[in-house]
file entry_30.cif (mmCIF, C-alpha atoms)
data_query
#
loop_
_atom_site.group_PDB
_atom_site.id
_atom_site.type_symbol
_atom_site.label_atom_id
_atom_site.label_comp_id
_atom_site.auth_asym_id
_atom_site.auth_seq_id
_atom_site.Cartn_x
_atom_site.Cartn_y
_atom_site.Cartn_z
ATOM 1 C CA MET I 1433 -12.955 -18.610 5.949
ATOM 2 C CA ARG I 1434 -11.925 -16.488 8.857
ATOM 3 C CA TYR I 1435 -8.185 -16.884 8.275
ATOM 4 C CA SER I 1436 -7.950 -16.052 4.599
ATOM 5 C CA LYS I 1437 -10.510 -13.249 4.802
ATOM 6 C CA SER I 1438 -8.770 -11.681 7.792
ATOM 7 C CA VAL I 1439 -5.280 -11.945 6.379
ATOM 8 C CA ALA I 1440 -6.047 -11.011 2.786
ATOM 9 C CA GLY I 1441 -8.359 -8.179 3.802
ATOM 10 C CA HIS I 1442 -5.871 -6.745 6.230
ATOM 11 C CA THR I 1443 -3.061 -7.153 3.729
ATOM 12 C CA LEU I 1444 -4.781 -5.307 0.889
ATOM 13 C CA GLN I 1445 -5.832 -2.682 3.421
ATOM 14 C CA GLY I 1446 -2.726 -2.389 5.439
ATOM 15 C CA PHE I 1447 0.207 -3.321 3.254
ATOM 16 C CA PHE I 1448 2.220 -0.160 2.945
ATOM 17 C CA ALA I 1449 -0.233 1.947 4.935
ATOM 18 C CA LEU I 1450 2.753 2.650 7.158
ATOM 19 C CA PHE I 1451 4.762 3.671 4.153
ATOM 20 C CA PHE I 1452 3.362 6.905 2.613
ATOM 21 C CA LEU I 1453 6.726 8.355 1.707
ATOM 22 C CA ALA I 1454 9.175 9.750 -0.935
ATOM 23 C CA ALA I 1455 9.806 13.366 -1.956
ATOM 24 C CA PHE I 1456 7.058 15.056 -3.957
ATOM 25 C CA MET I 1457 8.334 16.462 -7.258
ATOM 26 C CA ALA I 1458 11.135 18.565 -8.669
ATOM 27 C CA VAL I 1459 10.949 22.277 -7.883
ATOM 28 C CA ALA I 1460 9.588 23.007 -11.362
ATOM 29 C CA GLN I 1461 6.693 20.642 -10.694
ATOM 30 C CA ALA I 1462 6.054 21.612 -7.081
ATOM 31 C CA ALA I 1463 2.657 23.160 -7.806
ATOM 32 C CA GLU I 1464 1.252 19.889 -9.143
ATOM 33 C CA THR I 1465 -0.886 17.965 -6.717
ATOM 34 C CA GLY I 1466 -3.523 15.308 -7.023
ATOM 35 C CA LEU I 1467 -4.202 11.596 -6.696
ATOM 36 C CA LEU I 1468 -5.640 10.938 -10.172
ATOM 37 C CA TRP I 1469 -3.334 11.448 -13.162
ATOM 38 C CA LYS I 1470 -3.942 11.157 -16.882
ATOM 39 C CA LEU I 1471 -1.288 9.280 -18.849
ATOM 40 C CA GLU I 1472 -1.021 9.982 -22.567
ATOM 41 C CA ALA I 1473 1.233 7.479 -24.325
ATOM 42 C CA PRO I 1474 3.473 8.517 -27.228
ATOM 43 C CA GLY I 1475 1.353 6.280 -29.448
ATOM 44 C CA GLY I 1476 -1.887 8.001 -28.459
ATOM 45 C CA LYS I 1477 -3.413 5.656 -25.862
ATOM 46 C CA THR I 1478 -4.889 7.296 -22.737
ATOM 47 C CA SER I 1479 -4.586 5.688 -19.310
ATOM 48 C CA TYR I 1480 -5.035 6.791 -15.690
ATOM 49 C CA LEU I 1481 -2.894 6.476 -12.580
ATOM 50 C CA TYR I 1482 -4.643 6.681 -9.214
ATOM 51 C CA GLY I 1483 -2.920 6.875 -5.833
ATOM 52 C CA THR I 1484 -4.777 4.895 -3.189
ATOM 53 C CA MET I 1485 -4.759 4.525 0.568
ATOM 54 C CA HIS I 1486 -5.115 0.837 1.408
ATOM 55 C CA SER I 1487 -8.021 1.379 3.790
ATOM 56 C CA ASP I 1488 -11.738 0.702 4.072
ATOM 57 C CA ASP I 1489 -12.381 4.017 5.824
ATOM 58 C CA PRO I 1490 -15.518 5.514 4.208
ATOM 59 C CA ARG I 1491 -13.799 8.878 3.910
ATOM 60 C CA VAL I 1492 -11.427 7.404 1.318
ATOM 61 C CA THR I 1493 -13.730 4.831 -0.276
ATOM 62 C CA ASP I 1494 -16.204 7.516 -1.332
ATOM 63 C CA PHE I 1495 -14.545 7.953 -4.722
ATOM 64 C CA PRO I 1496 -14.777 11.259 -6.590
ATOM 65 C CA ALA I 1497 -16.732 11.097 -9.857
ATOM 66 C CA PRO I 1498 -13.596 11.599 -12.052
ATOM 67 C CA VAL I 1499 -12.053 8.452 -10.564
ATOM 68 C CA ILE I 1500 -15.068 6.319 -11.417
ATOM 69 C CA LYS I 1501 -15.288 7.814 -14.903
ATOM 70 C CA ALA I 1502 -11.595 7.182 -15.525
ATOM 71 C CA LEU I 1503 -11.961 3.541 -14.532
ATOM 72 C CA LEU I 1504 -15.052 3.046 -16.676
ATOM 73 C CA ASP I 1505 -13.341 4.682 -19.654
ATOM 74 C CA SER I 1506 -10.356 2.330 -19.380
ATOM 75 C CA ASP I 1507 -9.948 -1.072 -21.020
ATOM 76 C CA VAL I 1508 -7.903 -2.812 -18.313
ATOM 77 C CA PHE I 1509 -7.647 -2.504 -14.514
ATOM 78 C CA MET I 1510 -4.270 -2.926 -12.817
ATOM 79 C CA MET I 1511 -3.438 -2.988 -9.116
ATOM 80 C CA GLU I 1512 -0.233 -3.618 -7.189
ATOM 81 C CA THR I 1513 -0.859 -7.352 -6.985
ATOM 82 C CA LEU I 1514 -3.807 -9.708 -7.184
ATOM 83 C CA PRO I 1515 -5.120 -11.266 -3.953
ATOM 84 C CA PRO I 1516 -2.880 -14.260 -3.103
ATOM 85 C CA ALA I 1517 -4.343 -17.685 -3.821
ATOM 86 C CA ASN I 1518 -2.410 -19.335 -0.986
ATOM 87 C CA PRO I 1519 -2.669 -17.643 2.449
ATOM 88 C CA SER I 1520 0.304 -19.670 3.715
ATOM 89 C CA ILE I 1521 2.509 -17.046 2.076
ATOM 90 C CA PHE I 1522 1.831 -14.948 5.178
ATOM 91 C CA LEU I 1523 3.220 -17.525 7.605
ATOM 92 C CA MET I 1524 6.751 -18.097 8.862
ATOM 93 C CA GLU I 1525 8.450 -21.207 7.542
ATOM 94 C CA ASP I 1526 10.006 -21.967 10.929
ATOM 95 C CA GLY I 1527 9.289 -20.972 14.496
ATOM 96 C CA ARG I 1528 6.423 -19.334 16.338
ATOM 97 C CA LEU I 1529 6.076 -15.885 17.845
ATOM 98 C CA ASP I 1530 5.444 -17.295 21.313
ATOM 99 C CA GLN I 1531 8.977 -18.733 21.045
ATOM 100 C CA LEU I 1532 10.532 -15.535 19.656
ATOM 101 C CA LEU I 1533 8.918 -12.913 21.892
ATOM 102 C CA SER I 1534 8.869 -12.454 25.630
ATOM 103 C CA GLU I 1535 5.809 -13.643 27.522
ATOM 104 C CA GLN I 1536 4.664 -10.047 28.018
ATOM 105 C CA GLU I 1537 5.123 -9.246 24.325
ATOM 106 C CA PHE I 1538 3.168 -12.315 23.233
ATOM 107 C CA VAL I 1539 0.322 -11.434 25.600
ATOM 108 C CA GLN I 1540 0.091 -8.126 23.739
ATOM 109 C CA VAL I 1541 0.077 -10.005 20.414
ATOM 110 C CA VAL I 1542 -2.842 -12.142 21.626
ATOM 111 C CA LYS I 1543 -4.807 -9.054 22.702
ATOM 112 C CA LEU I 1544 -4.246 -7.293 19.383
ATOM 113 C CA ALA I 1545 -5.015 -10.434 17.389
ATOM 114 C CA ASP I 1546 -8.353 -10.711 19.177
ATOM 115 C CA PHE I 1547 -9.045 -7.017 18.516
ATOM 116 C CA HIS I 1548 -8.407 -7.597 14.799
ATOM 117 C CA SER I 1549 -10.542 -10.791 14.736
ATOM 118 C CA MET I 1550 -7.540 -13.036 14.132
ATOM 119 C CA HIS I 1551 -7.146 -16.477 15.677
ATOM 120 C CA THR I 1552 -4.257 -16.677 18.156
ATOM 121 C CA ASP I 1553 -2.740 -19.746 16.478
ATOM 122 C CA ILE I 1554 -2.589 -17.885 13.164
ATOM 123 C CA ALA I 1555 -1.055 -14.809 14.766
ATOM 124 C CA ALA I 1556 1.613 -16.968 16.408
ATOM 125 C CA LEU I 1557 2.710 -18.254 12.985
ATOM 126 C CA MET I 1558 2.404 -15.041 11.000
ATOM 127 C CA LYS I 1559 5.418 -13.172 9.668
ATOM 128 C CA PRO I 1560 6.285 -10.405 12.153
ATOM 129 C CA TRP I 1561 6.380 -7.635 9.548
ATOM 130 C CA LEU I 1562 2.810 -8.397 8.504
ATOM 131 C CA LEU I 1563 1.541 -8.401 12.067
ATOM 132 C CA ALA I 1564 3.264 -5.057 12.546
ATOM 133 C CA VAL I 1565 1.353 -3.637 9.582
ATOM 134 C CA ILE I 1566 -1.979 -5.081 10.716
ATOM 135 C CA PHE I 1567 -1.598 -4.119 14.379
ATOM 136 C CA ASP I 1568 -0.715 -0.522 13.542
ATOM 137 C CA LEU I 1569 -4.044 0.017 11.776
ATOM 138 C CA PRO I 1570 -7.578 0.542 13.061
ATOM 139 C CA LYS I 1571 -9.825 -2.502 13.125
ATOM 140 C CA PRO I 1572 -11.283 -2.866 9.615
ATOM 141 C CA GLN I 1573 -15.015 -2.444 9.311
ATOM 142 C CA THR I 1574 -15.287 -4.270 5.985
ATOM 143 C CA PRO I 1575 -12.991 -6.425 3.799
ATOM 144 C CA TYR I 1576 -13.403 -3.870 1.013
ATOM 145 C CA THR I 1577 -10.479 -1.480 0.806
ATOM 146 C CA GLN I 1578 -10.153 1.187 -1.875
ATOM 147 C CA ASP I 1579 -8.206 -1.218 -4.064
ATOM 148 C CA ALA I 1580 -10.687 -4.072 -3.557
ATOM 149 C CA LEU I 1581 -13.667 -1.841 -4.345
ATOM 150 C CA LEU I 1582 -12.056 -0.583 -7.545
ATOM 151 C CA MET I 1583 -11.189 -4.140 -8.555
ATOM 152 C CA SER I 1584 -14.776 -5.221 -7.899
ATOM 153 C CA LEU I 1585 -16.104 -2.365 -10.032
ATOM 154 C CA ALA I 1586 -13.753 -3.336 -12.859
ATOM 155 C CA GLN I 1587 -14.794 -6.975 -12.633
ATOM 156 C CA GLY I 1588 -18.453 -5.951 -12.638
ATOM 157 C CA LYS I 1589 -17.838 -4.203 -15.952
ATOM 158 C CA SER I 1590 -16.042 -7.306 -17.317
ATOM 159 C CA LYS I 1591 -12.707 -5.522 -17.548
ATOM 160 C CA PRO I 1592 -9.507 -7.605 -17.373
ATOM 161 C CA VAL I 1593 -7.840 -7.337 -13.945
ATOM 162 C CA ARG I 1594 -4.059 -7.636 -13.726
ATOM 163 C CA GLY I 1595 -1.338 -7.222 -11.128
ATOM 164 C CA LEU I 1596 1.710 -5.011 -11.589
ATOM 165 C CA GLU I 1597 3.656 -7.468 -9.455
ATOM 166 C CA THR I 1598 3.496 -11.167 -8.762
ATOM 167 C CA THR I 1599 2.593 -12.243 -5.238
ATOM 168 C CA GLU I 1600 6.241 -13.142 -4.610
ATOM 169 C CA GLU I 1601 7.488 -9.770 -5.840
ATOM 170 C CA HIS I 1602 4.891 -7.819 -3.885
ATOM 171 C CA PHE I 1603 5.396 -9.452 -0.501
ATOM 172 C CA GLY I 1604 9.085 -10.126 -1.054
ATOM 173 C CA ALA I 1605 9.914 -6.486 -0.300
ATOM 174 C CA LEU I 1606 9.498 -7.063 3.430
ATOM 175 C CA ASP I 1607 10.105 -10.812 3.360
ATOM 176 C CA SER I 1608 13.700 -9.920 2.477
ATOM 177 C CA PHE I 1609 14.284 -8.558 5.981
ATOM 178 C CA THR I 1610 15.579 -11.004 8.580
ATOM 179 C CA ILE I 1611 13.291 -12.344 11.287
ATOM 180 C CA GLU I 1612 15.281 -10.297 13.797
ATOM 181 C CA GLU I 1613 14.621 -7.113 11.806
ATOM 182 C CA GLN I 1614 10.959 -8.019 11.418
ATOM 183 C CA LEU I 1615 10.730 -8.486 15.176
ATOM 184 C CA VAL I 1616 12.085 -4.951 15.608
ATOM 185 C CA MET I 1617 9.196 -3.746 13.412
ATOM 186 C CA LEU I 1618 6.653 -5.726 15.427
ATOM 187 C CA ARG I 1619 8.025 -4.694 18.813
ATOM 188 C CA SER I 1620 7.948 -1.052 17.743
ATOM 189 C CA VAL I 1621 4.230 -1.364 17.052
ATOM 190 C CA LEU I 1622 3.517 -3.330 20.235
ATOM 191 C CA LYS I 1623 4.884 -0.383 22.237
ATOM 192 C CA ARG I 1624 2.418 2.065 20.694
ATOM 193 C CA SER I 1625 -0.821 2.892 22.493
ATOM 194 C CA ALA I 1626 -4.212 2.590 20.822
ATOM 195 C CA GLY I 1627 -4.673 6.341 21.132
ATOM 196 C CA GLU I 1628 -1.364 7.062 19.443
ATOM 197 C CA LYS I 1629 -2.198 4.746 16.533
ATOM 198 C CA GLU I 1630 -5.624 6.307 16.135
ATOM 199 C CA ARG I 1631 -4.226 9.838 16.109
ATOM 200 C CA ASN I 1632 -1.616 8.896 13.525
ATOM 201 C CA PHE I 1633 -4.202 7.191 11.326
ATOM 202 C CA GLU I 1634 -6.491 10.214 11.484
ATOM 203 C CA ALA I 1635 -3.578 12.422 10.484
ATOM 204 C CA MET I 1636 -2.783 10.112 7.562
ATOM 205 C CA VAL I 1637 -6.396 10.176 6.352
ATOM 206 C CA LYS I 1638 -6.405 13.960 6.538
ATOM 207 C CA ALA I 1639 -3.131 14.110 4.599
ATOM 208 C CA TYR I 1640 -4.499 11.720 1.972
ATOM 209 C CA LEU I 1641 -7.690 13.715 1.520
ATOM 210 C CA SER I 1642 -5.591 16.835 0.996
ATOM 211 C CA ALA I 1643 -4.310 15.152 -2.200
ATOM 212 C CA ASP I 1644 -0.925 16.785 -1.596
ATOM 213 C CA PRO I 1645 1.878 14.204 -1.914
ATOM 214 C CA GLU I 1646 4.393 16.521 -0.283
ATOM 215 C CA ASN I 1647 2.169 16.792 2.786
ATOM 216 C CA ILE I 1648 1.774 12.991 2.820
ATOM 217 C CA GLU I 1649 5.532 12.472 2.580
ATOM 218 C CA LYS I 1650 6.393 14.812 5.427
ATOM 219 C CA LEU I 1651 3.793 13.311 7.744
ATOM 220 C CA ASN I 1652 4.746 9.726 6.954
ATOM 221 C CA ASP I 1653 8.430 10.335 7.435
ATOM 222 C CA ARG I 1654 7.730 11.974 10.786
ATOM 223 C CA ILE I 1655 5.443 9.170 11.995
ATOM 224 C CA THR I 1656 7.154 6.058 10.681
ATOM 225 C CA GLY I 1657 10.627 7.492 11.060
ATOM 226 C CA SER I 1658 9.926 8.032 14.750
ATOM 227 C CA ILE I 1659 8.679 4.462 15.245
ATOM 228 C CA LEU I 1660 11.562 2.555 13.660
ATOM 229 C CA PRO I 1661 15.344 2.901 13.857
ATOM 230 C CA ARG I 1662 16.383 5.345 11.129
ATOM 231 C CA GLU I 1663 18.707 2.879 9.396
ATOM 232 C CA LEU I 1664 16.006 0.225 9.200
ATOM 233 C CA TRP I 1665 13.424 2.766 8.048
ATOM 234 C CA GLY I 1666 15.775 3.964 5.319
ATOM 235 C CA ARG I 1667 16.253 0.476 3.942
ATOM 236 C CA MET I 1668 12.507 -0.156 4.082
ATOM 237 C CA ARG I 1669 11.871 2.989 2.064
ATOM 238 C CA SER I 1670 14.323 1.812 -0.568
ATOM 239 C CA LYS I 1671 12.805 -1.682 -0.764
ATOM 240 C CA LEU I 1672 9.186 -0.569 -0.699
ATOM 241 C CA LEU I 1673 9.420 2.329 -3.122
ATOM 242 C CA ASP I 1674 12.631 2.877 -5.035
ATOM 243 C CA GLU I 1675 13.138 -0.697 -6.193
ATOM 244 C CA ARG I 1676 9.472 -1.432 -6.820
ATOM 245 C CA ASN I 1677 8.866 1.839 -8.692
ATOM 246 C CA ILE I 1678 11.416 0.865 -11.334
ATOM 247 C CA LEU I 1679 9.582 -2.399 -11.995
ATOM 248 C CA MET I 1680 6.110 -0.846 -11.833
ATOM 249 C CA ALA I 1681 6.912 2.014 -14.207
ATOM 250 C CA ASP I 1682 8.325 -0.383 -16.783
ATOM 251 C CA ARG I 1683 5.272 -2.640 -16.647
ATOM 252 C CA ILE I 1684 2.831 0.270 -16.740
ATOM 253 C CA ALA I 1685 4.548 1.687 -19.823
ATOM 254 C CA ARG I 1686 4.476 -1.650 -21.622
ATOM 255 C CA GLN I 1687 0.763 -2.145 -20.890
ATOM 256 C CA ALA I 1688 -0.273 1.461 -21.528
ATOM 257 C CA ASP I 1689 1.345 1.389 -24.959
ATOM 258 C CA GLN I 1690 -1.138 -1.313 -25.934
ATOM 259 C CA ALA I 1691 -4.416 -0.320 -24.231
ATOM 260 C CA GLY I 1692 -6.064 2.241 -21.987
ATOM 261 C CA ILE I 1693 -5.470 1.090 -18.413
ATOM 262 C CA PHE I 1694 -6.509 2.278 -14.975
ATOM 263 C CA ILE I 1695 -3.704 1.742 -12.459
ATOM 264 C CA ALA I 1696 -4.440 1.752 -8.723
ATOM 265 C CA VAL I 1697 -1.303 1.898 -6.563
ATOM 266 C CA GLY I 1698 -0.452 3.265 -3.128
ATOM 267 C CA ALA I 1699 -0.201 7.057 -3.269
ATOM 268 C CA SER I 1700 3.384 6.906 -2.025
ATOM 269 C CA HIS I 1701 4.459 5.463 -5.378
ATOM 270 C CA LEU I 1702 3.454 8.610 -7.279
ATOM 271 C CA PRO I 1703 5.774 11.438 -6.153
ATOM 272 C CA GLY I 1704 9.467 12.100 -6.196
ATOM 273 C CA LYS I 1705 12.282 11.888 -8.709
ATOM 274 C CA GLY I 1706 12.055 8.101 -8.527
ATOM 275 C CA GLY I 1707 8.237 8.005 -8.380
ATOM 276 C CA LEU I 1708 5.904 6.722 -11.060
ATOM 277 C CA ILE I 1709 4.932 10.176 -12.340
ATOM 278 C CA ALA I 1710 8.536 11.184 -12.994
ATOM 279 C CA ARG I 1711 9.478 7.794 -14.414
ATOM 280 C CA LEU I 1712 6.539 7.725 -16.820
ATOM 281 C CA ARG I 1713 7.371 11.225 -17.987
ATOM 282 C CA SER I 1714 10.913 10.080 -18.649
ATOM 283 C CA ALA I 1715 9.468 7.214 -20.689
ATOM 284 C CA GLY I 1716 7.770 9.730 -22.999
ATOM 285 C CA TYR I 1717 4.334 9.922 -21.392
ATOM 286 C CA LYS I 1718 2.465 13.159 -20.903
ATOM 287 C CA VAL I 1719 1.317 13.026 -17.279
ATOM 288 C CA THR I 1720 -1.165 15.583 -15.978
ATOM 289 C CA PRO I 1721 -3.354 15.782 -12.855
ATOM 290 C CA VAL I 1722 -7.093 15.294 -13.250
ATOM 291 C CA ASN I 1723 -9.112 17.704 -11.109
#
call {"tool": "encode", "arguments": {"input": "entry_30.cif", "output": "structure tokens"}}
result
Amino acid sequence: MRYSKSVAGHTLQGFFALFFLAAFMAVAQAAETGLLWKLEAPGGKTSYLYGTMHSDDPRVTDFPAPVIKALLDSDVFMMETLPPANPSIFLMEDGRLDQLLSEQEFVQVVKLADFHSMHTDIAALMKPWLLAVIFDLPKPQTPYTQDALLMSLAQGKSKPVRGLETTEEHFGALDSFTIEEQLVMLRSVLKRSAGEKERNFEAMVKAYLSADPENIEKLNDRITGSILPRELWGRMRSKLLDERNILMADRIARQADQAGIFIAVGASHLPGKGGLIARLRSAGYKVTPVN
């Protein structure tokens, strides 16, 4: 189905691709870098935490051998959320974008929807924040993002697959913003040229491949902070990371006390005083990078 495949694929790829953020680590931990981390629970169970980039770019989907080994050695696979069963969650309850945007703005929406293989009628009903995320990314080449590929590998090995968040929790972070605020996000993206988006994406891929969260944070703050009003960007950072990290860390700890799990989450959730690494350490876990 063109609609569900387009929306779900873009969502798993693009959700939070704009939001690689948060400070890296405390000064004492500044030398630690990496995307794959070993979690050793107080009770002895070993799990792994892997920071992803929600993209199908082959440069990031060519997983290093330690990542594959860590997944295969784990009992359970966890990702941010499971693919939604009902695509209508992506649509506005009331109104259409052709009624909310100017004629010139909606013409741009139609052009970008066609570029991303999305039907115009669907784009007109889609939540503005989601269109902003999709339209700010390169056209996907496959529906298989990093997260989807890892999930598929886990399923192929008959491992249980679970979500750290429910669908409502996951998408509620940006659903909580008003339509007016979401339109600010969308309009900010509509103003960006294709060349600018491509250059920013290439920079983000390079930062991700460097496996240096501090580098990722600085670049993301510079890019996204320059696109959106600072006040709005600040609240988005809080909603997307700070609040969700508290919930994620608690659920990871509860699961990892019982079994060896492989957790795939956006790399932006790892660093910082409020990031998953610091929170899991505070919960009594030994957390070390895997080279």
call {"tool": "atom_distance", "arguments": {"input": "entry_30.cif", "atom1": "CA of Arg1528 (chain I)", "atom2": "CA of Val1621 (chain I)"}}
result
18.1 Å
call {"tool": "closest_residue", "arguments": {"input": "entry_30.cif", "among": "I:Val1542, I:Met1485, I:Leu1582, I:Leu1467", "to": "Asp1644 (chain I)", "atoms": "all atoms listed in the file"}}
result
I:Leu1467
call {"tool": "closest_residue", "arguments": {"input": "entry_30.cif", "among": "I:Ala1691, I:Asp1682, I:Pro1496, I:Ala1715", "to": "Ser1479 (chain I)", "atoms": "all atoms listed in the file"}}
result
I:Ala1691
call {"tool": "resolve_selection", "arguments": {"input": "entry_30.cif", "expression": "the PyMOL selection byres ((chain I and resi 1529-1541) around 12)", "output": "number ranges by chain"}}
result
I: 1523-1528, 1542-1548, 1550-1561, 1563-1564, 1566-1568, 1611-1612, 1614-1616, 1618-1626
call {"tool": "closest_residue", "arguments": {"input": "entry_30.cif", "among": "I:Pro1661, I:Gly1604, I:Gly1692, I:Pro1570", "to": "Leu1503 (chain I)", "atoms": "all atoms listed in the file"}}
result
I:Gly1692
call {"tool": "atom_distance", "arguments": {"input": "entry_30.cif", "atom1": "CA of Asp1505 (chain I)", "atom2": "CA of Gln1690 (chain I)"}}
result
15.0 Å
call {"tool": "closest_residue", "arguments": {"input": "entry_30.cif", "among": "I:Thr1513, I:Ser1506, I:Thr1574, I:Gln1687", "to": "Ser1590 (chain I)", "atoms": "all atoms listed in the file"}}
result
I:Ser1506
call {"tool": "residues_around", "arguments": {"input": "entry_30.cif", "residues": "Gly1595 (chain I)", "least_positions_apart": "2", "cutoff": "8 Å", "atoms": "all atoms listed in the file", "output": "PyMOL selection string"}}
result
chain I and resi 1510-1514+1593+1597-1598
call {"tool": "atom_distance", "arguments": {"input": "entry_30.cif", "atom1": "CA of Leu1581 (chain I)", "atom2": "CA of Ser1670 (chain I)"}}
result
28.5 Å
call {"tool": "residues_around", "arguments": {"input": "entry_30.cif", "residues": "Arg1683 (chain I)", "least_positions_apart": "5", "cutoff": "9 Å", "atoms": "all atoms listed in the file", "output": "MDAnalysis selection string"}}
result
chainID I and resid 1596:1597 1678 1688
call {"tool": "axis_aligned_box", "arguments": {"input": "entry_30.cif", "around": "region 1674-1678 of chain I", "padding_each_side": "3 Å", "output": "AutoDock Vina command-line options"}}
result
--center_x 11.0 --center_y 0.7 --center_z -8.2 --size_x 10.3 --size_y 10.3 --size_z 12.3
call {"tool": "closest_residue", "arguments": {"input": "entry_30.cif", "among": "I:Ile1684, I:Ala1696, I:Met1617, I:Leu1641", "to": "Leu1664 (chain I)", "atoms": "only C-alpha atoms"}}
result
I:Met1617
call {"tool": "closest_residue", "arguments": {"input": "entry_30.cif", "among": "I:Ala1685, I:Leu1673, I:Leu1651, I:Val1499", "to": "Gly1466 (chain I)", "atoms": "only C-alpha atoms"}}
result
I:Val1499
call {"tool": "resolve_selection", "arguments": {"input": "entry_30.cif", "expression": "the PyMOL selection byres ((chain I and resi 1716-1722) around 12)", "output": "ChimeraX atom specification"}}
result
/I:1461,1463-1483,1496-1499,1501-1502,1643-1644,1681-1682,1684-1686,1688-1689,1702,1708-1715,1723
call {"tool": "resolve_selection", "arguments": {"input": "entry_30.cif", "expression": "the PyMOL selection byres ((chain I and resi 1489) around 10)", "output": "NGL selection string"}}
result
:I and (1445 or 1485-1488 or 1490-1494 or 1570 or 1572-1574 or 1576-1578 or 1637)
call {"tool": "build_atoms", "arguments": {"input": "entry_30.cif", "residues": "region 1707-1720 of chain I", "atoms": "N, CA and C atoms", "output": "CSV table (one decimal), keeping the file's coordinate frame"}}
result
chain,number,residue,atom,x,y,z
I,1707,GLY,N,9.6,8.4,-8.4
I,1707,GLY,CA,8.2,8.0,-8.4
I,1707,GLY,C,7.7,7.7,-9.8
I,1708,LEU,N,6.5,7.2,-9.8
I,1708,LEU,CA,5.9,6.7,-11.1
I,1708,LEU,C,5.6,7.9,-12.0
I,1709,ILE,N,5.2,9.0,-11.5
I,1709,ILE,CA,4.9,10.2,-12.3
I,1709,ILE,C,6.2,10.6,-13.1
I,1710,ALA,N,7.3,10.8,-12.4
I,1710,ALA,CA,8.5,11.2,-13.0
I,1710,ALA,C,9.1,10.1,-13.9
I,1711,ARG,N,9.0,8.9,-13.6
I,1711,ARG,CA,9.5,7.8,-14.4
I,1711,ARG,C,8.7,7.7,-15.7
I,1712,LEU,N,7.4,7.8,-15.6
I,1712,LEU,CA,6.5,7.7,-16.8
I,1712,LEU,C,6.8,8.9,-17.7
I,1713,ARG,N,7.0,10.1,-17.2
I,1713,ARG,CA,7.4,11.2,-18.0
I,1713,ARG,C,8.7,11.0,-18.7
I,1714,SER,N,9.6,10.4,-18.0
I,1714,SER,CA,10.9,10.1,-18.6
I,1714,SER,C,10.8,9.1,-19.8
I,1715,ALA,N,9.7,8.2,-19.7
I,1715,ALA,CA,9.5,7.2,-20.7
I,1715,ALA,C,8.7,7.8,-21.9
I,1716,GLY,N,8.4,9.1,-21.9
I,1716,GLY,CA,7.8,9.7,-23.0
I,1716,GLY,C,6.3,10.0,-22.8
I,1717,TYR,N,5.8,9.7,-21.6
I,1717,TYR,CA,4.3,9.9,-21.4
I,1717,TYR,C,4.1,11.4,-21.0
I,1718,LYS,N,3.0,11.9,-21.4
I,1718,LYS,CA,2.5,13.2,-20.9
I,1718,LYS,C,1.6,12.8,-19.7
I,1719,VAL,N,2.0,13.4,-18.5
I,1719,VAL,CA,1.3,13.0,-17.3
I,1719,VAL,C,0.8,14.3,-16.7
I,1720,THR,N,-0.5,14.4,-16.5
I,1720,THR,CA,-1.2,15.6,-16.0
I,1720,THR,C,-2.2,15.2,-14.9
